[in-house]
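Each remark here refers to the structure printed beneath this line.
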Amino acid sequence: MKKYLLFVLSFILLFGVINVFSGMLQTVFYQPDLPNLWNNVEQLHNEVIFVKSSSIPTIIVTLISATIAFFLQSRLSKKSVLIN
């Protein structure tokens, strides 16, 4: 039960950290198209259109987080066995 709780907690923590880091990278590398921005002002709409996003980035982040959490959990459980 301890191994499962350690895995779940480390997975949740890593999933959140990787998502925040991914969002920070997207924000840092965002480059708006400033020269063409004012040319399209007349064509802007007054309504917001929501589109369906892809779930592939979430799946990739989940797999990376689960892999890191698994190896972290196995490494910590080996250290706790050596200490005892």
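So you can find residues: chains in the structure tokens are A, B, ... in the order shown, residues in each start at 1, and ligands are numbered from 1 in order.
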Region 65-67 of chain A environment, 8 Å, only C-alpha atoms, sequence neighbours closer than 3 positions dropped, as a ChimeraX atom specification: /A:11,14-15,18,61-62,70-71
May I have the residues from that selection written out with N, CA, C and O atoms, as a PDB file, in the first residue's frame?
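Saved as result-v5.pdb:
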ATOM      1  N   PHE A  11       3.325  10.677  -8.982  1.00  0.00           N
ATOM      2  CA  PHE A  11       2.739  10.858 -10.309  1.00  0.00           C
ATOM      3  C   PHE A  11       1.953  12.168 -10.389  1.00  0.00           C
ATOM      4  O   PHE A  11       2.108  12.940 -11.339  1.00  0.00           O
ATOM      5  N   LEU A  14       4.471  15.122 -10.304  1.00  0.00           N
ATOM      6  CA  LEU A  14       5.208  15.252 -11.555  1.00  0.00           C
ATOM      7  C   LEU A  14       4.300  15.681 -12.707  1.00  0.00           C
ATOM      8  O   LEU A  14       4.707  16.469 -13.559  1.00  0.00           O
ATOM      9  N   PHE A  15       3.080  15.193 -12.737  1.00  0.00           N
ATOM     10  CA  PHE A  15       2.138  15.575 -13.785  1.00  0.00           C
ATOM     11  C   PHE A  15       1.868  17.076 -13.727  1.00  0.00           C
ATOM     12  O   PHE A  15       1.879  17.766 -14.743  1.00  0.00           O
ATOM     13  N   ILE A  18       5.199  19.063 -14.720  1.00  0.00           N
ATOM     14  CA  ILE A  18       5.474  19.007 -16.160  1.00  0.00           C
ATOM     15  C   ILE A  18       4.463  19.846 -16.936  1.00  0.00           C
ATOM     16  O   ILE A  18       4.822  20.522 -17.909  1.00  0.00           O
ATOM     17  N   VAL A  61       2.319  13.818 -21.851  1.00  0.00           N
ATOM     18  CA  VAL A  61       2.710  14.295 -20.516  1.00  0.00           C
ATOM     19  C   VAL A  61       2.368  13.248 -19.464  1.00  0.00           C
ATOM     20  O   VAL A  61       3.144  13.013 -18.528  1.00  0.00           O
ATOM     21  N   THR A  62       1.239  12.572 -19.620  1.00  0.00           N
ATOM     22  CA  THR A  62       0.856  11.532 -18.671  1.00  0.00           C
ATOM     23  C   THR A  62       1.838  10.375 -18.704  1.00  0.00           C
ATOM     24  O   THR A  62       2.247   9.869 -17.652  1.00  0.00           O
ATOM     25  N   PHE A  70       7.226   6.138 -11.703  1.00  0.00           N
ATOM     26  CA  PHE A  70       7.523   4.726 -11.468  1.00  0.00           C
ATOM     27  C   PHE A  70       8.981   4.532 -11.063  1.00  0.00           C
ATOM     28  O   PHE A  70       9.281   3.830 -10.094  1.00  0.00           O
ATOM     29  N   PHE A  71       9.902   5.147 -11.821  1.00  0.00           N
ATOM     30  CA  PHE A  71      11.317   4.987 -11.485  1.00  0.00           C
ATOM     31  C   PHE A  71      11.666   5.681 -10.175  1.00  0.00           C
ATOM     32  O   PHE A  71      12.493   5.190  -9.406  1.00  0.00           O
TER      33      PHE A  71
END
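Residues in contact range of region 5-8 of chain A, defined as at most 6 Å between only C-alpha atoms, with sequence neighbours fewer than 3 positions away removed, read Lys2, Phe11, Ala69 and Gln73 of chain A.
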Keeping all heavy atoms for every residue in the selection just given, could you write it to a file as a short mmCIF file (atom, residue, chain, number, x, y, z; two decimals), in the first residue's frame?
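What follows is the written file part.cif:
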data_model
loop_
_atom_site.label_atom_id
_atom_site.label_comp_id
_atom_site.auth_asym_id
_atom_site.auth_seq_id
_atom_site.Cartn_x
_atom_site.Cartn_y
_atom_site.Cartn_z
N LYS A 2 2.00 1.19 0.71
CA LYS A 2 2.90 2.35 0.75
C LYS A 2 3.47 2.64 -0.64
O LYS A 2 3.59 3.79 -1.03
CB LYS A 2 4.05 2.11 1.73
CG LYS A 2 3.67 2.18 3.17
CD LYS A 2 4.90 1.97 4.03
CE LYS A 2 4.55 1.95 5.49
NZ LYS A 2 5.73 1.75 6.33
N PHE A 11 3.33 10.68 -8.98
CA PHE A 11 2.74 10.86 -10.31
C PHE A 11 1.95 12.17 -10.39
O PHE A 11 2.11 12.94 -11.34
CB PHE A 11 1.82 9.68 -10.65
CG PHE A 11 1.09 9.87 -11.95
CD1 PHE A 11 1.75 9.71 -13.15
CD2 PHE A 11 -0.24 10.20 -11.96
CE1 PHE A 11 1.08 9.90 -14.35
CE2 PHE A 11 -0.92 10.38 -13.14
CZ PHE A 11 -0.25 10.22 -14.34
N ALA A 69 7.53 8.83 -12.36
CA ALA A 69 7.01 8.46 -11.04
C ALA A 69 7.32 7.01 -10.71
O ALA A 69 7.64 6.68 -9.57
CB ALA A 69 5.50 8.70 -10.99
N GLN A 73 9.60 6.02 -7.62
CA GLN A 73 9.04 5.16 -6.58
C GLN A 73 9.91 3.93 -6.37
O GLN A 73 10.16 3.52 -5.23
CB GLN A 73 7.61 4.77 -6.96
CG GLN A 73 6.91 3.89 -5.96
CD GLN A 73 6.98 2.42 -6.32
OE1 GLN A 73 7.14 2.06 -7.47
NE2 GLN A 73 6.91 1.58 -5.32
#
